[in-house]
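Encoded as structure tokens, the structure appears first; notes follow it.
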Amino acid sequence: MVKRILMSIFGVLICGVAVGFFKRAMFGVDPFQSLMAGLDCVIPISFGTLYIIVNVIMLLFSLIFDRHYIGLATFINLFLIGYIAEFSLQTLENLFPSLGIPGRAVCLIIGILIICVASSFYMTADIGVSTYDAVALIISNTWHVGKFKYVRIVTDVVCVIIGVVLYFISGSPVSGIGAVIGVGTIITAFFMGPLVDFFARKLAKPFLYGKASPDPSNA
């Protein structure tokens with residue numbers, strides 16, 4: 001249990017760091033943040049308040065259909081990840097006030113790797129996941145609609161589409177679309193599910209169970 005708690009806290013905290021790298025790269029954010037950016041364009045309240053409201057709605061979804069995925073990590077994510085992302089972005093802007101295309105590309109790659117590793121750790125810890133991750137897990141594991149990595153691709157694509165539609169409905173300029181979608185969004189939409197699955201098998205599960213200990217779920 002100590003390992004699970006540490007994995008959960010580690011995973012959620014560095015997810016916030018990853019979001020900071022995405023925002024600094026300015027090549028598009030991850031699919032859920034794409035949805036949030038679109039909502040932020042049409043709903044006149046602060047982003048922090050909006051983030052909590054959307055997550056509470058998804059929390060209710062999880063409580064109704066499978067509360068197994070709600071735990072410590074869920075609430076850390078709900079209340080802290082936005083502030084951690086903000087701090088991460090400010091730190092990166094102070095350290096690297098001027099970045100060219102190569103530097104932004106490096107930030108994007110780091111962001112993708114961090115968010116996938118982070119997700120694999122707190123999902124494997126199994127003491128709560130983000131409310132957004134819980135949606136795909138419930139569809140895959142509770143409703144048995146399909147494998148997680150494919151369900152995650154579908155939910156990511158839906159988030160991106162809604163985010164882009166809301167962005168244009170708000171009347172925002174085409175020149176600023178990078179705040180909602182970009183190459184980083186496309187990469188995470190189609191590859192985040194498989195990458196989280198890969199890092200769970202190669203890093204998170206061996207850390208939790210030990211190299212010599214099999215994952216009980218595969219027994």
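Identifiers for the structure tokens are assigned positionally: chains receive A, B, ... in sequence, residues are indexed from 1 per chain, and ligands are indexed from 1 in the order shown.
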Notebook entry, point to check: Which residues, written as a PyMOL selection string, have at least one atom at most 9 Å from Gly128 of chain A, with only C-alpha atoms counted and residues fewer than 6 positions away on the same chain left out?
Noted result: chain A and resi 8+68-75+122+134
Excluding Gly182 of chain A and its own-chain neighbours fewer than 4 positions away, which residues fall within 7 Å of it when counting only C-alpha atoms? Please give them as an mmCIF file with N, CA and C atoms, in the first residue's frame.
data_model
loop_
_atom_site.group_PDB
_atom_site.id
_atom_site.type_symbol
_atom_site.label_atom_id
_atom_site.label_comp_id
_atom_site.auth_asym_id
_atom_site.auth_seq_id
_atom_site.Cartn_x
_atom_site.Cartn_y
_atom_site.Cartn_z
ATOM 1 N N PHE A 27 2.505 23.597 -29.085
ATOM 2 C CA PHE A 27 2.193 22.753 -30.240
ATOM 3 C C PHE A 27 0.874 22.018 -30.021
ATOM 4 N N GLY A 28 0.011 22.571 -29.187
ATOM 5 C CA GLY A 28 -1.232 21.880 -28.856
ATOM 6 C C GLY A 28 -1.098 21.171 -27.523
ATOM 7 N N GLY A 178 -3.636 27.018 -31.900
ATOM 8 C CA GLY A 178 -2.600 26.220 -31.249
ATOM 9 C C GLY A 178 -2.826 26.043 -29.758
ATOM 10 N N ILE A 186 -2.592 15.755 -31.549
ATOM 11 C CA ILE A 186 -2.770 14.612 -32.446
ATOM 12 C C ILE A 186 -1.974 13.406 -31.950
#
Who sits within 8 Å of Tyr132 of chain A, only C-alpha atoms, same chain under 4 positions skipped, as a PDB file with N, CA and C atoms, in the first residue's frame:
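Ended up saving to around_10.pdb:
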ATOM      1  N   PHE A  32      -7.640  16.112 -23.216  1.00  0.00           N
ATOM      2  CA  PHE A  32      -8.529  16.632 -22.181  1.00  0.00           C
ATOM      3  C   PHE A  32      -8.336  18.133 -21.998  1.00  0.00           C
ATOM      4  N   ASN A  55     -14.495  18.332 -13.721  1.00  0.00           N
ATOM      5  CA  ASN A  55     -14.021  17.111 -13.065  1.00  0.00           C
ATOM      6  C   ASN A  55     -15.045  16.564 -12.074  1.00  0.00           C
ATOM      7  N   MET A  58     -17.544  14.577 -14.085  1.00  0.00           N
ATOM      8  CA  MET A  58     -17.011  13.255 -14.434  1.00  0.00           C
ATOM      9  C   MET A  58     -16.873  12.372 -13.197  1.00  0.00           C
ATOM     10  N   ALA A 136     -12.631   6.277 -19.554  1.00  0.00           N
ATOM     11  CA  ALA A 136     -12.166   5.239 -20.480  1.00  0.00           C
ATOM     12  C   ALA A 136     -12.043   3.892 -19.786  1.00  0.00           C
TER      13      ALA A 136
END
Checklist line | Distance criterion (only C-alpha atoms): nearest to Leu137 of chain A out of A:Gly11, A:Gly38, A:Gly20, A:Gly193 | finding: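 Result for the nearest residue to Leu137 of chain A: A:Gly193.
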Next item on the list: Considering only C-alpha atoms, state which residue in the set A:Ser62, A:Thr188, A:Thr124, A:Ser98 is at the smallest distance from Lys205 of chain A.
Entry: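 Using only C-alpha atoms, Lys205 of chain A sits closest to A:Thr124.
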Next item on the list: For atom CA of Ala105 of chain A and atom CA of Ala25 of chain A, quote the distance in Å rounded to one decimal.
Entry: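 Straight-line distance from atom CA of Ala105 of chain A to atom CA of Ala25 of chain A works out to 6.4 Å.
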Next item on the list: Can you pull out every residue within 9 Å of segment 157-163 of chain A, counting only C-alpha atoms, but drop anything in the same chain fewer than 6 positions away, and send it as a PyMOL selection string?
Entry: chain A and resi 30-39+180-181+185-186+189-190
Check: Between atom CA of Phe121 of chain A and atom CA of Ala204 of chain A, what is the distance, to one decimal in Å?
Finding: 5.1 Å
When you look at Phe199 of chain A with a cut-off of 8 Å (counting only C-alpha atoms), what residues show up, excluding the ones that are within fewer than 5 positions of it in the same chain? I need them as a compact mmCIF listing (two decimals) with C-alpha atoms, in the first residue's frame.
# COMPACT_ATOMS: atom_id res chain seq x y z
CA CYS A 116 2.34 8.77 -20.28
CA VAL A 117 4.72 7.55 -17.57
CA SER A 120 0.81 4.50 -16.07
CA ALA A 204 4.83 0.68 -13.28
